[in-house]
Amino acid sequence: MVDTQRIFVYDTTLRDGSQGEGISFSVEDKLNLARKLDELGVDYIEGGWPGSNPKDEEFFTRALTQLNLKHAKLTAFGSTRKANVLAENDGNLRLLMQSKTPVVTLFGKTWDLHVTHALNTTLEENLAMIGDSVSFFKQAGRELIYDAEHFFDGFKANPEYALATLAEAAKAGADWIVLCDTNGGLITFDVPEIMTRVREVTDPLNVRLGVHVHNDGDLACANTLFAVRAGARQVQGTINGFGERCGNVNLVSVLANLELKLGYRCLPEGHLTRLTEISHLVSEVANLPHNNQMPFVGRSAFAHKGGVHVSAVMKDRRTYEHIVPELVGNRQRVLVSELGGQSNVLHKAYQLGLEMRKGDSEVREVIDQIKQLENQGFSFENAEASFELIMWRTQADYTMPFALRDMLVLAERRGAPDGQLISEATVKLDVNGEILHTAAEGNGPVDALDHALRKALLPVYPQLGNIRLKDYKVRVLNDEGTGSRIRVTISSSDGVNTWHTVGSSTNVIEASYLALADSLEYALVHDRYKQVDGVANPALEIVV
């Protein structure tokens with residue numbers, strides 16, 4: 001009996017995703033991502049096009065011997081045979097056969113415009129190309145997925161011919177026929193009617209349907225969901241929606257909506273919680289910043305800033321969250337800014353294990369500081385560590401691990417005009433009542449300042465030896481030229497945790513010092529206070 005609620009997940013991040021601008025995966029990248037996709041629980045991993053380049057050839061050679069996939073089927077991608085060539089003599093088909101993957105995905109033309117203008121052949125020959133190519137692999141015992149390229153555009157231009165190409169693939173033995181919106185211009189309202197026409201042809205031929213949608217009209221997720229509702233049982237896409245032009249459909253959003261909103265089964269039970277992890281990993285491997293506003297898995301997806309919002313979610317998180325974020329591996333965040341109020345501060349105090357109550361002087365002190373600092377160019381939305389330090393410093397028992405007394409930073413070119421530029425920093429710190437005075441050189445004034453701070457602090461706090469700077473950003477805040485106020489944001493890590501700090505000034509050295517000092521202070525004191533794992537009061541959580 002067919003399970004109508006089961007949706008098969010076909011990931012093409014390694015092929016279609018790598019065609020996105022600025023994305024290039026190495027062979028090692030592809031192997032590592034394939035392992036993670038298998039752990040996520042996708043059904044098919046499309047590895048690339050064998051023979052199209054040496055990288056894909058090496059990937060398939062190594063993947064078949066090294067990956068040992070537990071859940072997913074490795075899939076090779078290619079086109080139907082060339083016009084007027086026997087399938088067994090077609091070089092691309094031979095390479096696909098030699099890849100020895102359990103599944104082969106072939107794409108063929110369904111739009112008569114492409115047949116006559118791109119392939120320069122006849123409509124009849126194109127049908128033969130589809131049938132011959134599918135049969136070639138089915139006779140060899142391979143599972144065959146037929147991607148009907150440009151199907152929706154082809155259907156609108158010549159529905160009878162587009163449907164005839166599907167029938168040809170089905171009669172030749174295709175296990176799946178996948179309807180592709182290759183140009184990404186499909187309007188969601190058209191999907192149900194077109195799917196009905198398709199099923200009139202494919203259902204009698206006992207072939208399953210899938211959908212492969214691009215996002216050029218910003219409707220890829222909606223189009224995919226409508227296709228599933230109309231009978232598609234395979235969804236193709238990429239993690240984070242990476243792909244050519246505007247990208248492919250984002251599998252993260254598709255899977256979350258299908259499972260949590262529509263009740264379909266896509267991943268093994270419990271694996272949906274891995275979506276945030278895999279989304280961030282793919283961005284990291286692609287060397288691209290993760291989109292904070294990405295639905296479900298973005299850092300801002302469950303972030304609350306307005307005081308009214310925060311007050312409401314503290315009472316019942318359903319008021320401003322459409323799902324429980326932990327279901328997709330994300331978490332709730334409360335942002336603090338001049339737009340927030342006591343609710344924001346109290347929520348953060350709970351997360352930090354601080355005893356604060358509405359109306360407390362400490363709460364008003366924190367709010368006043370935030371407003372004053374943001375007026376000076378600070379921003380704490382992406383610098384939570386600096387904000388936590390502000391809250392901790394209001395506590396009567398808080399002791400700062402160090403304090404700056406003096407600072408001197410120099411940049412000198414020795415042997416001008418072509419001599420080496422030397423940067424040197426001198427700092428005088430009060431550390432537990434003892435004055436420490438050190439100097440250090442560095443690769444630029446900020447690096448020299450960082451070295452001088454560490455040189456003074458490491459003998460007292462050796463744990464700072466594990467701290468590494470991960471990112472350093474400078475933003476100009478107004479248009480006063482070289483005298484503009486600037487903001488420095490720093491990301492730091494101890495190899496396990498990552499935190500963000502901020503500084504602002506009209507002087508880039510001072511702004512950098514403020515962010516650097518906060519980073520080191522946070523590393524020294526954050527274990528003093530109880531963390532509640534970044535979620536609201538457990539008593540207020542919704543059980544789903």
# chains A, B, ... in the order shown; residues from 1 in each chain; ligands from 1
>>> residues_around(residues="A:Asn158", least_positions_apart="5", cutoff="9 Å", atoms="only C-alpha atoms", output="PyMOL selection string")
chain A and resi 111-112+153+163
>>> write_last_selection(atoms="C-alpha atoms", output="compact mmCIF listing (two decimals), in the first residue's frame")
# COMPACT_ATOMS: atom_id res chain seq x y z
CA TRP A 111 9.76 22.69 -24.16
CA ASP A 112 9.50 22.65 -27.96
CA ASP A 153 7.24 26.67 -19.48
CA LEU A 163 2.87 15.76 -21.76
>>> residues_around(residues="A:Tyr513", least_positions_apart="5", cutoff="9 Å", atoms="only C-alpha atoms", output="MDAnalysis selection string")
chainID A and resid 446 449:450 503 508 518
>>> write_last_selection(atoms="C-alpha atoms", output="PDB file, in the first residue's frame")
ATOM      1  CA  VAL A 446      44.712  46.686  16.396  1.00  0.00           C
ATOM      2  CA  LEU A 449      46.879  46.255  20.898  1.00  0.00           C
ATOM      3  CA  ASP A 450      45.516  42.715  21.086  1.00  0.00           C
ATOM      4  CA  GLY A 503      32.794  49.109  20.535  1.00  0.00           C
ATOM      5  CA  VAL A 508      38.996  53.298  15.426  1.00  0.00           C
ATOM      6  CA  ASP A 518      34.757  43.107  26.250  1.00  0.00           C
TER       7      ASP A 518
END
>>> residues_around(residues="A:Arg245", least_positions_apart="4", cutoff="9 Å", atoms="only C-alpha atoms", output="list of chain:residue names")
A:Gln19, A:Gly20, A:Glu21, A:His214, A:Asn215, A:Asp216
>>> write_last_selection(atoms="C-alpha atoms", output="PDB file, in the first residue's frame")
ATOM      1  CA  GLN A  19      26.332  26.462  -9.607  1.00  0.00           C
ATOM      2  CA  GLY A  20      25.434  29.485  -7.484  1.00  0.00           C
ATOM      3  CA  GLU A  21      27.598  32.556  -7.936  1.00  0.00           C
ATOM      4  CA  HIS A 214      13.958  27.499  -8.985  1.00  0.00           C
ATOM      5  CA  ASN A 215      13.327  30.737  -7.126  1.00  0.00           C
ATOM      6  CA  ASP A 216      13.486  33.497  -9.735  1.00  0.00           C
TER       7      ASP A 216
END
>>> closest_residue(among="A:Arg229, A:Asn497, A:Ile490, A:Met195", to="A:Phe380", atoms="only C-alpha atoms")
A:Ile490
>>> closest_atom_pairs(of="stretch 66-171 of chain A", to="stretch 4-18 of chain A", cutoff="12 Å", atoms="only C-alpha atoms", output="tab-separated table")
residue	atom	partner	partner_atom	distance
A:His71	CA	A:Val9	CA	11.2
A:Ala72	CA	A:Tyr10	CA	9.0
A:Lys73	CA	A:Tyr10	CA	9.3
A:Leu74	CA	A:Asp11	CA	10.0
A:Thr75	CA	A:Thr12	CA	9.3
A:Ala76	CA	A:Arg15	CA	9.6
A:Phe77	CA	A:Arg15	CA	8.5
A:Gly78	CA	A:Arg15	CA	10.9
A:Val103	CA	A:Tyr10	CA	11.4
A:Thr105	CA	A:Tyr10	CA	10.7
A:Ile145	CA	A:Tyr10	CA	10.5
A:Asp147	CA	A:Tyr10	CA	11.9
>>> atom_distance(atom1="atom CA of A:Ser386", atom2="atom CA of A:His437")
25.2 Å
>>> atom_distance(atom1="atom CA of A:Lys455", atom2="atom CA of A:Gly495")
20.4 Å
>>> closest_residue(among="A:Leu524, A:Val282, A:Val488, A:Leu33", to="A:Ser379", atoms="only C-alpha atoms")
A:Val488
>>> residues_around(residues="A:Leu516", least_positions_apart="5", cutoff="12 Å", atoms="only C-alpha atoms", output="MDAnalysis selection string")
chainID A and resid 385:386 404 446:454 467:472 488:492 499:504 508:511 521:523
>>> residues_around(residues="A:Ile370", least_positions_apart="2", cutoff="9 Å", atoms="only C-alpha atoms", output="list in words")
Val336, Ser337, Glu338, Glu365, Val366, Ile367, Asp368, Gln372, Leu373, Glu374, Asn375, Phe378, Ser379, Phe380, Phe387 and Ile390 of chain A
>>> write_last_selection(atoms="N, CA and C atoms", output="mmCIF file, in the first residue's frame")
data_model
loop_
_atom_site.group_PDB
_atom_site.id
_atom_site.type_symbol
_atom_site.label_atom_id
_atom_site.label_comp_id
_atom_site.auth_asym_id
_atom_site.auth_seq_id
_atom_site.Cartn_x
_atom_site.Cartn_y
_atom_site.Cartn_z
ATOM 1 N N VAL A 336 18.085 43.429 22.678
ATOM 2 C CA VAL A 336 17.971 44.593 23.543
ATOM 3 C C VAL A 336 18.467 45.807 22.784
ATOM 4 N N SER A 337 17.649 46.847 22.714
ATOM 5 C CA SER A 337 18.000 48.084 22.046
ATOM 6 C C SER A 337 17.164 49.190 22.651
ATOM 7 N N GLU A 338 17.287 50.389 22.062
ATOM 8 C CA GLU A 338 16.495 51.504 22.569
ATOM 9 C C GLU A 338 15.006 51.293 22.339
ATOM 10 N N GLU A 365 18.762 50.983 35.213
ATOM 11 C CA GLU A 365 20.148 51.321 34.904
ATOM 12 C C GLU A 365 20.588 50.686 33.592
ATOM 13 N N VAL A 366 20.221 49.419 33.390
ATOM 14 C CA VAL A 366 20.581 48.743 32.143
ATOM 15 C C VAL A 366 19.915 49.430 30.958
ATOM 16 N N ILE A 367 18.623 49.733 31.085
ATOM 17 C CA ILE A 367 17.898 50.368 29.977
ATOM 18 C C ILE A 367 18.504 51.726 29.651
ATOM 19 N N ASP A 368 18.824 52.509 30.662
ATOM 20 C CA ASP A 368 19.417 53.829 30.431
ATOM 21 C C ASP A 368 20.773 53.712 29.739
ATOM 22 N N GLN A 372 21.804 55.222 26.033
ATOM 23 C CA GLN A 372 22.920 56.147 25.894
ATOM 24 C C GLN A 372 23.976 55.605 24.932
ATOM 25 N N LEU A 373 24.311 54.328 25.084
ATOM 26 C CA LEU A 373 25.351 53.745 24.235
ATOM 27 C C LEU A 373 24.905 53.636 22.787
ATOM 28 N N GLU A 374 23.659 53.272 22.550
ATOM 29 C CA GLU A 374 23.202 53.178 21.161
ATOM 30 C C GLU A 374 23.166 54.562 20.523
ATOM 31 N N ASN A 375 22.922 55.582 21.311
ATOM 32 C CA ASN A 375 22.988 56.938 20.790
ATOM 33 C C ASN A 375 24.412 57.308 20.396
ATOM 34 N N PHE A 378 26.810 52.391 19.479
ATOM 35 C CA PHE A 378 26.844 50.976 19.822
ATOM 36 C C PHE A 378 25.570 50.300 19.306
ATOM 37 N N SER A 379 25.665 49.008 19.041
ATOM 38 C CA SER A 379 24.502 48.192 18.692
ATOM 39 C C SER A 379 24.703 46.820 19.311
ATOM 40 N N PHE A 380 23.705 46.362 20.060
ATOM 41 C CA PHE A 380 23.864 45.128 20.823
ATOM 42 C C PHE A 380 23.086 43.947 20.246
ATOM 43 N N PHE A 387 26.359 43.055 25.770
ATOM 44 C CA PHE A 387 25.151 43.354 26.540
ATOM 45 C C PHE A 387 25.122 42.578 27.857
ATOM 46 N N ILE A 390 27.128 44.311 30.406
ATOM 47 C CA ILE A 390 26.440 45.462 30.996
ATOM 48 C C ILE A 390 25.544 45.012 32.137
#
>>> closest_residue(among="A:Asn120, A:Ser519, A:Ser361, A:Thr165", to="A:Ile177", atoms="only C-alpha atoms")
A:Thr165
>>> closest_residue(among="A:Gly483, A:Trp392, A:Glu384, A:Val254", to="A:Glu355", atoms="only C-alpha atoms")
A:Trp392
>>> decode(residues="stretch 313-327 of chain A", atoms="N, CA and C atoms", output="compact mmCIF listing (two decimals), in the first residue's frame")
# COMPACT_ATOMS: atom_id res chain seq x y z
N VAL A 313 5.79 37.06 24.56
CA VAL A 313 6.38 35.73 24.46
C VAL A 313 6.82 35.20 25.82
N MET A 314 7.08 36.10 26.77
CA MET A 314 7.40 35.63 28.11
C MET A 314 6.20 34.98 28.78
N LYS A 315 5.01 35.41 28.37
CA LYS A 315 3.79 34.81 28.90
C LYS A 315 3.41 33.54 28.14
N ASP A 316 3.53 33.59 26.82
CA ASP A 316 3.18 32.45 25.98
C ASP A 316 3.87 32.65 24.63
N ARG A 317 4.85 31.82 24.33
CA ARG A 317 5.66 32.02 23.13
C ARG A 317 4.87 31.89 21.85
N ARG A 318 3.68 31.31 21.89
CA ARG A 318 2.86 31.21 20.68
C ARG A 318 2.41 32.58 20.18
N THR A 319 2.48 33.60 21.04
CA THR A 319 1.99 34.92 20.64
C THR A 319 2.77 35.50 19.46
N TYR A 320 4.09 35.20 19.37
CA TYR A 320 4.89 35.75 18.28
C TYR A 320 5.84 34.72 17.67
N GLU A 321 5.58 33.43 17.87
CA GLU A 321 6.39 32.39 17.24
C GLU A 321 5.47 31.35 16.61
N HIS A 322 5.66 31.13 15.30
CA HIS A 322 4.73 30.24 14.59
C HIS A 322 5.02 28.77 14.84
N ILE A 323 6.23 28.45 15.32
CA ILE A 323 6.55 27.10 15.76
C ILE A 323 7.46 27.21 16.98
N VAL A 324 7.66 26.11 17.68
CA VAL A 324 8.67 26.07 18.74
C VAL A 324 10.03 25.96 18.06
N PRO A 325 10.93 26.93 18.25
CA PRO A 325 12.20 26.94 17.49
C PRO A 325 13.05 25.70 17.70
N GLU A 326 12.97 25.07 18.86
CA GLU A 326 13.79 23.88 19.12
C GLU A 326 13.41 22.72 18.20
N LEU A 327 12.23 22.75 17.60
CA LEU A 327 11.82 21.67 16.69
C LEU A 327 12.69 21.61 15.45
